[in-house]
Amino acid sequence: MDVFFIQGDGARGFLDHAFTRDLSGMRENRALYGAFLAENGNCIDDSVLYPFAEDRFAVVANAGMGSVLVSHLRSLPGADALDIAEPTERLAKLDFQGPKAPGIVKSILADKTLFESFPYFSFKGDFDLAKTTVFVNGNMPVLLSRSGY
């Protein structure tokens with residue numbers, strides 16, 4: 001999977017135009033599934049959007065599609081006023097899926113209570129490691145999301 005960030009004044013409005021989901025109903029710590037479309041309406045890629053604030057978002061795209069989407073988004077009106085960054089090479093992403101996944105992940109979390117209230121398509125922590133409150137054993141900061149298939 002590829003990850004990139006969109007931040008700056010107007011990021012929400014920009015994504016409201018570029019992403020297939022209406023962001024007016026976004027809620028704290030809830031991820032949004034949608035897609036980015038080309039001008040002709042063809043799907044470039046489906047993605048998961050992580051809204052951290054009105055002006056700061058992360059996008060998880062399919063493998064190999066991060067730079068394609070970043071290039072597309074940078075070509076849209078208003079992109080020049082935003083910071084659209086692609087830190088994929090500096091960021092590790094590990095996905096656990098299947099019925100035993102919660103137990104495996106819980107076994108390495110510093111706070112074992114994180115799964116007590118963890119609805120589907122929600123997240124805890126942050127990709128900005130200075131802002132996260134979720135850690136795995138050894139105090140390594142992480143973003144934890146429940147958004148798999």
# chains A, B, ... in the order shown; residues from 1 in each chain; ligands from 1

call {"tool": "residues_around", "arguments": {"residues": "range 123-126 of chain A", "least_positions_apart": "6", "cutoff": "10 Å", "atoms": "only C-alpha atoms", "output": "ChimeraX atom specification"}}
result
/A:28-31,50-52,58,114-115,132-135,141-147

call {"tool": "residues_around", "arguments": {"residues": "Val68 in chain A", "least_positions_apart": "6", "cutoff": "12 Å", "atoms": "only C-alpha atoms", "output": "ChimeraX atom specification"}}
result
/A:2-4,36-38,44-45,61-62,74-75,86

call {"tool": "select_by_dssp", "arguments": {"residues": "chain A", "states": "strand (DSSP E or B)", "output": "MDAnalysis selection string"}}
result
chainID A and resid 2:7 19 30 32:37 43:53 56:61 83:85 109 122:125 134:136 140:146

call {"tool": "closest_residue", "arguments": {"among": "A:Ser117, A:Ser47, A:Met26, A:Asp111", "to": "Asn139 in chain A", "atoms": "only C-alpha atoms"}}
result
A:Asp111

call {"tool": "closest_residue", "arguments": {"among": "A:Asp55, A:Asp83, A:Asp128, A:Glu116", "to": "Gly10 in chain A", "atoms": "only C-alpha atoms"}}
result
A:Asp55

call {"tool": "residues_around", "arguments": {"residues": "Ala85 in chain A", "least_positions_apart": "3", "cutoff": "9 Å", "atoms": "only C-alpha atoms", "output": "list in words"}}
result
Phe4, Phe5, Ile6, Gln7 and Val70 of chain A

call {"tool": "write_last_selection", "arguments": {"atoms": "N, CA, C and O atoms", "output": "PDB file, in the first residue's frame"}}
result
ATOM      1  N   PHE A   4       0.170   8.824   1.305  1.00  0.00           N
ATOM      2  CA  PHE A   4       0.600  10.194   1.090  1.00  0.00           C
ATOM      3  C   PHE A   4      -0.276  11.121   1.914  1.00  0.00           C
ATOM      4  O   PHE A   4      -1.311  10.725   2.443  1.00  0.00           O
ATOM      5  N   PHE A   5       0.176  12.361   2.052  1.00  0.00           N
ATOM      6  CA  PHE A   5      -0.484  13.332   2.921  1.00  0.00           C
ATOM      7  C   PHE A   5      -0.889  14.567   2.141  1.00  0.00           C
ATOM      8  O   PHE A   5      -0.206  14.984   1.210  1.00  0.00           O
ATOM      9  N   ILE A   6      -2.013  15.132   2.555  1.00  0.00           N
ATOM     10  CA  ILE A   6      -2.493  16.393   1.993  1.00  0.00           C
ATOM     11  C   ILE A   6      -2.791  17.302   3.174  1.00  0.00           C
ATOM     12  O   ILE A   6      -3.592  16.953   4.046  1.00  0.00           O
ATOM     13  N   GLN A   7      -2.115  18.443   3.204  1.00  0.00           N
ATOM     14  CA  GLN A   7      -2.378  19.360   4.306  1.00  0.00           C
ATOM     15  C   GLN A   7      -2.229  20.804   3.871  1.00  0.00           C
ATOM     16  O   GLN A   7      -1.595  21.095   2.877  1.00  0.00           O
ATOM     17  N   VAL A  70      -0.723  11.291  -6.450  1.00  0.00           N
ATOM     18  CA  VAL A  70      -0.092  12.567  -6.090  1.00  0.00           C
ATOM     19  C   VAL A  70       0.067  13.433  -7.332  1.00  0.00           C
ATOM     20  O   VAL A  70      -0.248  14.627  -7.321  1.00  0.00           O
TER      21      VAL A  70
END

call {"tool": "closest_residue", "arguments": {"among": "A:Leu69, A:Leu15, A:Ala101, A:Val136", "to": "Arg56 in chain A", "atoms": "only C-alpha atoms"}}
result
A:Leu15

call {"tool": "residues_around", "arguments": {"residues": "Asp22 in chain A", "least_positions_apart": "6", "cutoff": "12 Å", "atoms": "only C-alpha atoms", "output": "PyMOL selection string"}}
result
chain A and resi 12-16+32-35+49

call {"tool": "write_last_selection", "arguments": {"atoms": "N, CA and C atoms", "output": "compact mmCIF listing (two decimals), in the first residue's frame"}}
result
# COMPACT_ATOMS: atom_id res chain seq x y z
N ARG A 12 -9.59 20.31 3.07
CA ARG A 12 -10.89 19.63 3.09
C ARG A 12 -11.71 19.96 1.83
N GLY A 13 -11.78 21.22 1.48
CA GLY A 13 -12.52 21.61 0.28
C GLY A 13 -11.91 21.00 -0.98
N PHE A 14 -10.59 20.96 -1.03
CA PHE A 14 -9.89 20.36 -2.16
C PHE A 14 -10.28 18.89 -2.29
N LEU A 15 -10.26 18.17 -1.18
CA LEU A 15 -10.61 16.74 -1.20
C LEU A 15 -12.09 16.53 -1.45
N ASP A 16 -12.92 17.44 -1.01
CA ASP A 16 -14.35 17.34 -1.32
C ASP A 16 -14.57 17.33 -2.83
N LEU A 32 -12.54 7.08 5.76
CA LEU A 32 -13.54 7.11 4.69
C LEU A 32 -13.01 6.36 3.48
N TYR A 33 -13.82 5.46 2.94
CA TYR A 33 -13.46 4.73 1.73
C TYR A 33 -14.08 5.44 0.53
N GLY A 34 -13.31 5.60 -0.52
CA GLY A 34 -13.82 6.24 -1.73
C GLY A 34 -12.83 6.05 -2.86
N ALA A 35 -12.89 6.94 -3.84
CA ALA A 35 -12.02 6.82 -5.00
C ALA A 35 -11.65 8.20 -5.52
N LEU A 49 -9.26 7.39 3.13
CA LEU A 49 -8.89 8.73 3.56
C LEU A 49 -8.96 8.80 5.08

call {"tool": "select_by_dssp", "arguments": {"residues": "chain A", "states": "alpha helix (DSSP H)", "output": "PyMOL selection string"}}
result
chain A and resi 11-18+66-74+101-108

call {"tool": "write_last_selection", "arguments": {"atoms": "N, CA and C atoms", "output": "PDB file, in the first residue's frame"}}
result
ATOM      1  N   ALA A  11      -7.561  22.159   2.523  1.00  0.00           N
ATOM      2  CA  ALA A  11      -7.380  20.735   2.194  1.00  0.00           C
ATOM      3  C   ALA A  11      -8.718  20.001   2.143  1.00  0.00           C
ATOM      4  N   ARG A  12      -9.594  20.307   3.071  1.00  0.00           N
ATOM      5  CA  ARG A  12     -10.891  19.629   3.086  1.00  0.00           C
ATOM      6  C   ARG A  12     -11.707  19.960   1.830  1.00  0.00           C
ATOM      7  N   GLY A  13     -11.781  21.219   1.475  1.00  0.00           N
ATOM      8  CA  GLY A  13     -12.518  21.609   0.275  1.00  0.00           C
ATOM      9  C   GLY A  13     -11.911  21.005  -0.979  1.00  0.00           C
ATOM     10  N   PHE A  14     -10.595  20.962  -1.030  1.00  0.00           N
ATOM     11  CA  PHE A  14      -9.895  20.363  -2.158  1.00  0.00           C
ATOM     12  C   PHE A  14     -10.277  18.890  -2.289  1.00  0.00           C
ATOM     13  N   LEU A  15     -10.258  18.166  -1.178  1.00  0.00           N
ATOM     14  CA  LEU A  15     -10.608  16.743  -1.204  1.00  0.00           C
ATOM     15  C   LEU A  15     -12.090  16.526  -1.450  1.00  0.00           C
ATOM     16  N   ASP A  16     -12.924  17.443  -1.012  1.00  0.00           N
ATOM     17  CA  ASP A  16     -14.353  17.335  -1.324  1.00  0.00           C
ATOM     18  C   ASP A  16     -14.573  17.329  -2.833  1.00  0.00           C
ATOM     19  N   HIS A  17     -13.716  18.026  -3.551  1.00  0.00           N
ATOM     20  CA  HIS A  17     -13.805  18.063  -5.015  1.00  0.00           C
ATOM     21  C   HIS A  17     -13.127  16.845  -5.653  1.00  0.00           C
ATOM     22  N   ALA A  18     -11.986  16.409  -5.085  1.00  0.00           N
ATOM     23  CA  ALA A  18     -11.159  15.385  -5.730  1.00  0.00           C
ATOM     24  C   ALA A  18     -11.522  13.953  -5.357  1.00  0.00           C
ATOM     25  N   GLY A  66       0.394   5.525  -5.287  1.00  0.00           N
ATOM     26  CA  GLY A  66       0.615   6.770  -4.563  1.00  0.00           C
ATOM     27  C   GLY A  66       1.144   7.883  -5.442  1.00  0.00           C
ATOM     28  N   SER A  67       2.209   7.609  -6.186  1.00  0.00           N
ATOM     29  CA  SER A  67       2.787   8.656  -7.035  1.00  0.00           C
ATOM     30  C   SER A  67       1.846   9.032  -8.180  1.00  0.00           C
ATOM     31  N   VAL A  68       1.047   8.078  -8.665  1.00  0.00           N
ATOM     32  CA  VAL A  68       0.057   8.373  -9.714  1.00  0.00           C
ATOM     33  C   VAL A  68      -0.994   9.345  -9.175  1.00  0.00           C
ATOM     34  N   LEU A  69      -1.497   9.057  -7.976  1.00  0.00           N
ATOM     35  CA  LEU A  69      -2.509   9.933  -7.376  1.00  0.00           C
ATOM     36  C   LEU A  69      -1.931  11.292  -7.006  1.00  0.00           C
ATOM     37  N   VAL A  70      -0.723  11.291  -6.450  1.00  0.00           N
ATOM     38  CA  VAL A  70      -0.092  12.567  -6.090  1.00  0.00           C
ATOM     39  C   VAL A  70       0.067  13.433  -7.332  1.00  0.00           C
ATOM     40  N   SER A  71       0.514  12.853  -8.418  1.00  0.00           N
ATOM     41  CA  SER A  71       0.657  13.598  -9.670  1.00  0.00           C
ATOM     42  C   SER A  71      -0.691  14.124 -10.153  1.00  0.00           C
ATOM     43  N   HIS A  72      -1.718  13.278 -10.104  1.00  0.00           N
ATOM     44  CA  HIS A  72      -3.068  13.711 -10.502  1.00  0.00           C
ATOM     45  C   HIS A  72      -3.547  14.857  -9.625  1.00  0.00           C
ATOM     46  N   LEU A  73      -3.421  14.721  -8.319  1.00  0.00           N
ATOM     47  CA  LEU A  73      -3.913  15.751  -7.409  1.00  0.00           C
ATOM     48  C   LEU A  73      -3.161  17.061  -7.580  1.00  0.00           C
ATOM     49  N   ARG A  74      -1.860  16.980  -7.811  1.00  0.00           N
ATOM     50  CA  ARG A  74      -1.073  18.196  -8.013  1.00  0.00           C
ATOM     51  C   ARG A  74      -1.475  18.937  -9.281  1.00  0.00           C
ATOM     52  N   ALA A 101      -6.475 -11.609  13.780  1.00  0.00           N
ATOM     53  CA  ALA A 101      -5.755 -10.338  13.692  1.00  0.00           C
ATOM     54  C   ALA A 101      -5.860  -9.492  14.957  1.00  0.00           C
ATOM     55  N   PRO A 102      -7.069  -9.285  15.533  1.00  0.00           N
ATOM     56  CA  PRO A 102      -7.124  -8.452  16.744  1.00  0.00           C
ATOM     57  C   PRO A 102      -6.258  -8.992  17.883  1.00  0.00           C
ATOM     58  N   GLY A 103      -6.239 -10.285  18.062  1.00  0.00           N
ATOM     59  CA  GLY A 103      -5.425 -10.865  19.128  1.00  0.00           C
ATOM     60  C   GLY A 103      -3.939 -10.675  18.891  1.00  0.00           C
ATOM     61  N   ILE A 104      -3.524 -10.821  17.639  1.00  0.00           N
ATOM     62  CA  ILE A 104      -2.110 -10.633  17.305  1.00  0.00           C
ATOM     63  C   ILE A 104      -1.699  -9.189  17.547  1.00  0.00           C
ATOM     64  N   VAL A 105      -2.498  -8.257  17.049  1.00  0.00           N
ATOM     65  CA  VAL A 105      -2.169  -6.840  17.220  1.00  0.00           C
ATOM     66  C   VAL A 105      -2.225  -6.462  18.698  1.00  0.00           C
ATOM     67  N   LYS A 106      -3.239  -6.925  19.399  1.00  0.00           N
ATOM     68  CA  LYS A 106      -3.376  -6.597  20.824  1.00  0.00           C
ATOM     69  C   LYS A 106      -2.153  -7.066  21.610  1.00  0.00           C
ATOM     70  N   SER A 107      -1.573  -8.187  21.213  1.00  0.00           N
ATOM     71  CA  SER A 107      -0.431  -8.729  21.951  1.00  0.00           C
ATOM     72  C   SER A 107       0.806  -7.842  21.874  1.00  0.00           C
ATOM     73  N   ILE A 108       0.891  -6.947  20.871  1.00  0.00           N
ATOM     74  CA  ILE A 108       2.071  -6.078  20.758  1.00  0.00           C
ATOM     75  C   ILE A 108       1.793  -4.628  21.141  1.00  0.00           C
TER      76      ILE A 108
END

call {"tool": "closest_residue", "arguments": {"among": "A:Met1, A:Phe19, A:Phe96, A:Asp9", "to": "Leu82 in chain A", "atoms": "only C-alpha atoms"}}
result
A:Asp9

call {"tool": "closest_residue", "arguments": {"among": "A:Gly8, A:Pro119, A:Ala110, A:Asp95", "to": "Gly138 in chain A", "atoms": "only C-alpha atoms"}}
result
A:Ala110

call {"tool": "atom_distance", "arguments": {"atom1": "CA of Lys112 in chain A", "atom2": "CA of Ala92 in chain A"}}
result
21.8 Å

call {"tool": "atom_distance", "arguments": {"atom1": "CA of Asp80 in chain A", "atom2": "CA of Phe57 in chain A"}}
result
16.1 Å

call {"tool": "atom_distance", "arguments": {"atom1": "CA of Pro87 in chain A", "atom2": "CA of Ala130 in chain A"}}
result
15.2 Å

call {"tool": "closest_residue", "arguments": {"among": "A:Met140, A:Gly98, A:Gly148, A:Lys93", "to": "Tyr120 in chain A", "atoms": "only C-alpha atoms"}}
result
A:Gly148
